[in-house]
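*Asks:* Input: one structure, supplied below.
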Amino acid sequence: MPKNIIILTTGGTITGHKTAGLSSTYESAKLSFDEVFSPALKKLASKILNINIKITNILNIGSQDMNNQHLLKLAKQVQQASKQNDGVVIIHGTDSIEESAYFLNLVLKTSANIVLTGSMHTKDSLVFDGVANIYGALIVASSQNAKNLGVLAVFDNKIYSARQLYKTHSRSLGAFSGQIGMVVDNKAIFYFQSSKDHTLNTPFDIAQINKLAKVDVIYICADFNEKLYDFSQSDAVILCAMGNANLPKNALKTLSKLKILKVRTSRTNAVDISKDGEIDDEKFDFIRANDLAASKARILLMCALSQTKNAEIIQGFFDRF
Ligand code: DGL
């Protein structure tokens, strides 16, 4: 029996278009999805993979423009689509895909396969990677092997866990970290899986979330001047700080007086915030983001704030998700 797979599109480079000849300058989200993944390609993929493919266009934006309203709309439409399909492929820009993928990983209540993809190059580039990525995502979305692994992403035949996915290169085809498997000979092969709870095993439910808290991120360098920041519009803040998430003493003193929830994480790639570092979290009322980088810590904190403002419970969420 052919699997039913729906493709939900939101834009990104994959529907981008070069603005001038051989120049690499382009604009995202300028083409229709049909101009990228033609009806003929859709028919070919359906035949080779023995799947039924439907396509619904949700947005056509660069993912750097994906705001909380877009994110809620996307998640609610993915939830709805997952009720009538075995798998959902989401076409998404790569700039903020690590955030959208993790949000979906936390709030979707479904056992359907959810797979994001996009492209690093435009269709009019000699190295356009979009069609191969769509094909790879369709394979994973229709694979029994992908069941119950949480939300996934596929680029360049590599399969990534939404929990570990980060964009780590601005131009390369292999621009991501967090790989847990591969697409090989039209099959999804997995070597690892995330140890963190997701989808059906979280208390966050997109059906119950209609607004997301305003969580801002500040990046902290040496000689940081905390007086430049106005947190009056923020419900909470992620402090993306140095090394083991350390802050200059003046900033520590000022920021610890903020009457909003404060989560500290590290700007290093090998992120893991230890409790016994140079900062007494209890004294300064900080929550630790553990191994989550700032982009994902913000997503989890928004989900957490949909449930509670209790710092101890939220620290428990950071330890669990
Ligand atoms: N405008 C960026 C985005 O939509 C380009 C990155 C991409 O899609 O590869 O995320």
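Here's how to read the names in the structure tokens: chain A, B, ... by the order shown, residue numbers from 1 in each chain, ligand numbers from 1 in the order shown.
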Quick one: everything within 10 Å of range 122-124 of chain A, counting only C-alpha atoms, minus sequence neighbours fewer than 2 positions away in the same chain. Send it as a PyMOL selection string.
*Replies:* chain A and resi 12-18+21-22+24+26-29+31+35-37+119-120+126-131
*Asks:* Atoms to include: N, CA and C atoms. Write the selected residues as a PDB file, in the first residue's frame.
*Replies:*
```
ATOM      1  N   GLY A  12      12.650  29.765   1.217  1.00  0.00           N
ATOM      2  CA  GLY A  12      14.095  29.596   1.428  1.00  0.00           C
ATOM      3  C   GLY A  12      14.850  29.697   0.115  1.00  0.00           C
ATOM      4  N   THR A  13      16.105  29.340   0.175  1.00  0.00           N
ATOM      5  CA  THR A  13      16.941  29.397  -1.039  1.00  0.00           C
ATOM      6  C   THR A  13      16.415  28.491  -2.132  1.00  0.00           C
ATOM      7  N   ILE A  14      15.757  27.394  -1.712  1.00  0.00           N
ATOM      8  CA  ILE A  14      15.309  26.383  -2.678  1.00  0.00           C
ATOM      9  C   ILE A  14      14.370  26.988  -3.724  1.00  0.00           C
ATOM     10  N   THR A  15      13.622  28.034  -3.311  1.00  0.00           N
ATOM     11  CA  THR A  15      12.770  28.737  -4.295  1.00  0.00           C
ATOM     12  C   THR A  15      13.377  30.113  -4.602  1.00  0.00           C
ATOM     13  N   GLY A  16      14.692  30.197  -4.392  1.00  0.00           N
ATOM     14  CA  GLY A  16      15.378  31.465  -4.654  1.00  0.00           C
ATOM     15  C   GLY A  16      15.702  31.617  -6.130  1.00  0.00           C
ATOM     16  N   HIS A  17      16.145  32.830  -6.476  1.00  0.00           N
ATOM     17  CA  HIS A  17      16.418  33.107  -7.890  1.00  0.00           C
ATOM     18  C   HIS A  17      17.567  34.089  -7.993  1.00  0.00           C
ATOM     19  N   LYS A  18      18.543  33.750  -8.836  1.00  0.00           N
ATOM     20  CA  LYS A  18      19.681  34.670  -8.993  1.00  0.00           C
ATOM     21  C   LYS A  18      19.190  35.980  -9.579  1.00  0.00           C
ATOM     22  N   GLY A  21      22.671  37.064 -13.812  1.00  0.00           N
ATOM     23  CA  GLY A  21      23.574  36.177 -14.560  1.00  0.00           C
ATOM     24  C   GLY A  21      24.409  35.245 -13.709  1.00  0.00           C
ATOM     25  N   LEU A  22      25.734  35.282 -13.909  1.00  0.00           N
ATOM     26  CA  LEU A  22      26.595  34.316 -13.214  1.00  0.00           C
ATOM     27  C   LEU A  22      26.914  34.758 -11.789  1.00  0.00           C
ATOM     28  N   SER A  24      26.675  35.335  -7.875  1.00  0.00           N
ATOM     29  CA  SER A  24      26.076  34.426  -6.874  1.00  0.00           C
ATOM     30  C   SER A  24      25.011  35.174  -6.062  1.00  0.00           C
ATOM     31  N   TYR A  26      21.537  36.393  -5.017  1.00  0.00           N
ATOM     32  CA  TYR A  26      20.187  35.875  -5.302  1.00  0.00           C
ATOM     33  C   TYR A  26      19.222  36.386  -4.249  1.00  0.00           C
ATOM     34  N   GLU A  27      17.933  36.165  -4.522  1.00  0.00           N
ATOM     35  CA  GLU A  27      16.897  36.471  -3.532  1.00  0.00           C
ATOM     36  C   GLU A  27      16.176  35.168  -3.186  1.00  0.00           C
ATOM     37  N   SER A  28      15.905  34.948  -1.900  1.00  0.00           N
ATOM     38  CA  SER A  28      15.169  33.744  -1.491  1.00  0.00           C
ATOM     39  C   SER A  28      13.714  33.877  -1.886  1.00  0.00           C
ATOM     40  N   ALA A  29      13.050  32.732  -1.977  1.00  0.00           N
ATOM     41  CA  ALA A  29      11.582  32.671  -2.054  1.00  0.00           C
ATOM     42  C   ALA A  29      11.033  33.538  -3.193  1.00  0.00           C
ATOM     43  N   LEU A  31      10.636  31.939  -6.529  1.00  0.00           N
ATOM     44  CA  LEU A  31       9.970  31.025  -7.467  1.00  0.00           C
ATOM     45  C   LEU A  31       8.816  30.312  -6.765  1.00  0.00           C
ATOM     46  N   GLU A  35       7.993  25.312  -9.776  1.00  0.00           N
ATOM     47  CA  GLU A  35       9.100  25.611 -10.710  1.00  0.00           C
ATOM     48  C   GLU A  35      10.378  24.887 -10.269  1.00  0.00           C
ATOM     49  N   VAL A  36      10.388  24.426  -9.035  1.00  0.00           N
ATOM     50  CA  VAL A  36      11.574  23.719  -8.495  1.00  0.00           C
ATOM     51  C   VAL A  36      11.350  22.211  -8.554  1.00  0.00           C
ATOM     52  N   PHE A  37      10.166  21.817  -8.054  1.00  0.00           N
ATOM     53  CA  PHE A  37       9.838  20.380  -8.017  1.00  0.00           C
ATOM     54  C   PHE A  37       8.625  20.205  -8.922  1.00  0.00           C
ATOM     55  N   SER A 119      17.597  23.853   0.553  1.00  0.00           N
ATOM     56  CA  SER A 119      18.785  23.764  -0.300  1.00  0.00           C
ATOM     57  C   SER A 119      19.753  24.877   0.049  1.00  0.00           C
ATOM     58  N   MET A 120      21.018  24.623  -0.267  1.00  0.00           N
ATOM     59  CA  MET A 120      22.056  25.635  -0.028  1.00  0.00           C
ATOM     60  C   MET A 120      22.293  26.466  -1.284  1.00  0.00           C
ATOM     61  N   LEU A 126      24.826  25.993 -10.792  1.00  0.00           N
ATOM     62  CA  LEU A 126      25.372  24.755 -11.372  1.00  0.00           C
ATOM     63  C   LEU A 126      25.363  23.618 -10.354  1.00  0.00           C
ATOM     64  N   VAL A 127      25.289  23.953  -9.063  1.00  0.00           N
ATOM     65  CA  VAL A 127      25.333  22.911  -8.020  1.00  0.00           C
ATOM     66  C   VAL A 127      24.033  22.922  -7.211  1.00  0.00           C
ATOM     67  N   PHE A 128      22.906  23.116  -7.924  1.00  0.00           N
ATOM     68  CA  PHE A 128      21.609  23.111  -7.222  1.00  0.00           C
ATOM     69  C   PHE A 128      21.407  21.777  -6.530  1.00  0.00           C
ATOM     70  N   ASP A 129      21.103  21.818  -5.239  1.00  0.00           N
ATOM     71  CA  ASP A 129      20.974  20.608  -4.427  1.00  0.00           C
ATOM     72  C   ASP A 129      19.522  20.349  -4.001  1.00  0.00           C
ATOM     73  N   GLY A 130      18.589  21.216  -4.444  1.00  0.00           N
ATOM     74  CA  GLY A 130      17.219  21.140  -3.939  1.00  0.00           C
ATOM     75  C   GLY A 130      16.479  19.873  -4.287  1.00  0.00           C
ATOM     76  N   VAL A 131      16.510  19.447  -5.547  1.00  0.00           N
ATOM     77  CA  VAL A 131      15.701  18.274  -5.938  1.00  0.00           C
ATOM     78  C   VAL A 131      16.213  17.015  -5.229  1.00  0.00           C
TER      79      VAL A 131
END
```
*Asks:* Which residues come within 9 Å of Leu300 in chain A, counting only C-alpha atoms, excluding same-chain residues fewer than 3 positions away, as a list in words?
*Replies:*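 With the cut-off at 9 Å, the set is Tyr102, Phe103, Leu106, Lys296, Ala297, Cys303, Ala304, Leu305, Phe317, Phe318 and Phe321 of chain A.
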*Asks:* What's around range 149-160 of chain A at 7 Å? Count only C-alpha atoms, leave out sequence neighbours fewer than 6 positions away in its own chain, and write the answer as a PDB file with N, CA and C atoms, in the first residue's frame.
*Replies:*
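Heads up, here's the output in result39.pdb:
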```pdb
ATOM      1  N   ALA A 101      12.874  23.263  13.374  1.00  0.00           N
ATOM      2  CA  ALA A 101      12.892  21.802  13.531  1.00  0.00           C
ATOM      3  C   ALA A 101      12.779  21.421  15.010  1.00  0.00           C
ATOM      4  N   LEU A 104       9.218  22.071  16.363  1.00  0.00           N
ATOM      5  CA  LEU A 104       8.308  20.994  15.941  1.00  0.00           C
ATOM      6  C   LEU A 104       8.584  19.724  16.744  1.00  0.00           C
ATOM      7  N   ASN A 105       9.852  19.466  17.021  1.00  0.00           N
ATOM      8  CA  ASN A 105      10.256  18.279  17.795  1.00  0.00           C
ATOM      9  C   ASN A 105       9.649  18.295  19.198  1.00  0.00           C
ATOM     10  N   ILE A 114       8.257  13.270  10.366  1.00  0.00           N
ATOM     11  CA  ILE A 114       8.300  14.699  10.043  1.00  0.00           C
ATOM     12  C   ILE A 114       9.735  15.023   9.619  1.00  0.00           C
ATOM     13  N   VAL A 115       9.909  15.496   8.383  1.00  0.00           N
ATOM     14  CA  VAL A 115      11.258  15.676   7.830  1.00  0.00           C
ATOM     15  C   VAL A 115      11.385  17.032   7.153  1.00  0.00           C
ATOM     16  N   LEU A 116      12.363  17.822   7.584  1.00  0.00           N
ATOM     17  CA  LEU A 116      12.579  19.128   6.966  1.00  0.00           C
ATOM     18  C   LEU A 116      13.724  19.041   5.955  1.00  0.00           C
ATOM     19  N   THR A 117      13.662  19.862   4.933  1.00  0.00           N
ATOM     20  CA  THR A 117      14.766  19.971   3.998  1.00  0.00           C
ATOM     21  C   THR A 117      14.702  21.313   3.299  1.00  0.00           C
ATOM     22  N   ASN A 133      17.662  16.909  -2.377  1.00  0.00           N
ATOM     23  CA  ASN A 133      17.277  16.995  -0.956  1.00  0.00           C
ATOM     24  C   ASN A 133      15.794  16.662  -0.764  1.00  0.00           C
ATOM     25  N   GLY A 136      15.538  12.915  -1.064  1.00  0.00           N
ATOM     26  CA  GLY A 136      16.031  12.273   0.170  1.00  0.00           C
ATOM     27  C   GLY A 136      15.028  12.408   1.303  1.00  0.00           C
ATOM     28  N   ALA A 137      14.409  13.577   1.398  1.00  0.00           N
ATOM     29  CA  ALA A 137      13.423  13.807   2.472  1.00  0.00           C
ATOM     30  C   ALA A 137      12.192  12.930   2.265  1.00  0.00           C
ATOM     31  N   LEU A 173      27.671  22.798   0.986  1.00  0.00           N
ATOM     32  CA  LEU A 173      26.528  21.881   0.843  1.00  0.00           C
ATOM     33  C   LEU A 173      26.337  21.098   2.132  1.00  0.00           C
ATOM     34  N   GLY A 174      27.461  20.702   2.744  1.00  0.00           N
ATOM     35  CA  GLY A 174      27.376  19.942   4.004  1.00  0.00           C
ATOM     36  C   GLY A 174      27.422  20.914   5.166  1.00  0.00           C
ATOM     37  N   GLY A 178      24.931  17.317  13.568  1.00  0.00           N
ATOM     38  CA  GLY A 178      23.819  16.598  14.199  1.00  0.00           C
ATOM     39  C   GLY A 178      23.340  15.410  13.401  1.00  0.00           C
ATOM     40  N   GLN A 179      24.263  14.857  12.566  1.00  0.00           N
ATOM     41  CA  GLN A 179      23.874  13.734  11.702  1.00  0.00           C
ATOM     42  C   GLN A 179      23.655  12.455  12.510  1.00  0.00           C
ATOM     43  N   ILE A 180      22.557  11.741  12.206  1.00  0.00           N
ATOM     44  CA  ILE A 180      22.307  10.450  12.881  1.00  0.00           C
ATOM     45  C   ILE A 180      22.127   9.312  11.886  1.00  0.00           C
ATOM     46  N   GLY A 181      22.101   9.637  10.568  1.00  0.00           N
ATOM     47  CA  GLY A 181      21.909   8.565   9.592  1.00  0.00           C
ATOM     48  C   GLY A 181      22.219   9.047   8.187  1.00  0.00           C
ATOM     49  N   MET A 182      21.921   8.172   7.215  1.00  0.00           N
ATOM     50  CA  MET A 182      22.219   8.450   5.801  1.00  0.00           C
ATOM     51  C   MET A 182      21.080   7.926   4.928  1.00  0.00           C
ATOM     52  N   VAL A 183      20.906   8.534   3.779  1.00  0.00           N
ATOM     53  CA  VAL A 183      20.034   7.963   2.747  1.00  0.00           C
ATOM     54  C   VAL A 183      20.957   7.209   1.788  1.00  0.00           C
ATOM     55  N   GLN A 193      20.514   7.754  17.692  1.00  0.00           N
ATOM     56  CA  GLN A 193      19.267   8.492  17.891  1.00  0.00           C
ATOM     57  C   GLN A 193      19.410   9.391  19.099  1.00  0.00           C
ATOM     58  N   HIS A 198      10.809  13.751  22.908  1.00  0.00           N
ATOM     59  CA  HIS A 198      10.308  14.574  21.800  1.00  0.00           C
ATOM     60  C   HIS A 198       8.858  14.214  21.471  1.00  0.00           C
ATOM     61  N   THR A 199       8.241  14.977  20.634  1.00  0.00           N
ATOM     62  CA  THR A 199       6.869  14.786  20.069  1.00  0.00           C
ATOM     63  C   THR A 199       5.900  14.251  21.130  1.00  0.00           C
TER      64      THR A 199
END
```
*Asks:* Between atom 3 (C, counted along the ligand's line) of ligand 1 and CA of Asn269 in chain A, measure the distance and give it in Å to one decimal.
*Replies:* 21.4 Å
*Asks:* What does the distance between CA of Leu292 in chain A and CA of Ile238 in chain A come to in Å, to one decimal place?
*Replies:*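 Going from CA of Leu292 in chain A over to CA of Ile238 in chain A, I get 10.9 Å.
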*Asks:* Can you work out which one of A:Pro2, A:Gly11, A:Gly243, A:Gly93 has the shortest atom-to-atom distance to ligand 1, counting only C-alpha atoms and all ligand atoms?
*Replies:*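 For ligand 1, the nearest of the given residues is A:Gly93.
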*Asks:* Tell me which protein, DNA and RNA residues are within 9 Å of Arg320 in chain A, counting only C-alpha atoms, leaving out same-chain ones fewer than 5 positions away, and put them as a short mmCIF file (atom, residue, chain, number, x, y, z; two decimals) with N, CA, C and O atoms, in the first residue's frame.
*Replies:*
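Saved to out_26.cif:
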```cif
data_model
loop_
_atom_site.label_atom_id
_atom_site.label_comp_id
_atom_site.auth_asym_id
_atom_site.auth_seq_id
_atom_site.Cartn_x
_atom_site.Cartn_y
_atom_site.Cartn_z
N LYS A 196 16.99 12.46 23.92
CA LYS A 196 16.08 13.44 24.53
C LYS A 196 14.62 13.16 24.12
O LYS A 196 14.35 12.79 22.99
N ASP A 197 13.70 13.43 25.05
CA ASP A 197 12.27 13.22 24.75
C ASP A 197 11.82 14.18 23.64
O ASP A 197 12.36 15.29 23.50
N GLN A 315 14.30 24.57 34.65
CA GLN A 315 15.61 23.90 34.63
C GLN A 315 15.42 22.40 34.37
O GLN A 315 16.18 21.79 33.60
#
```
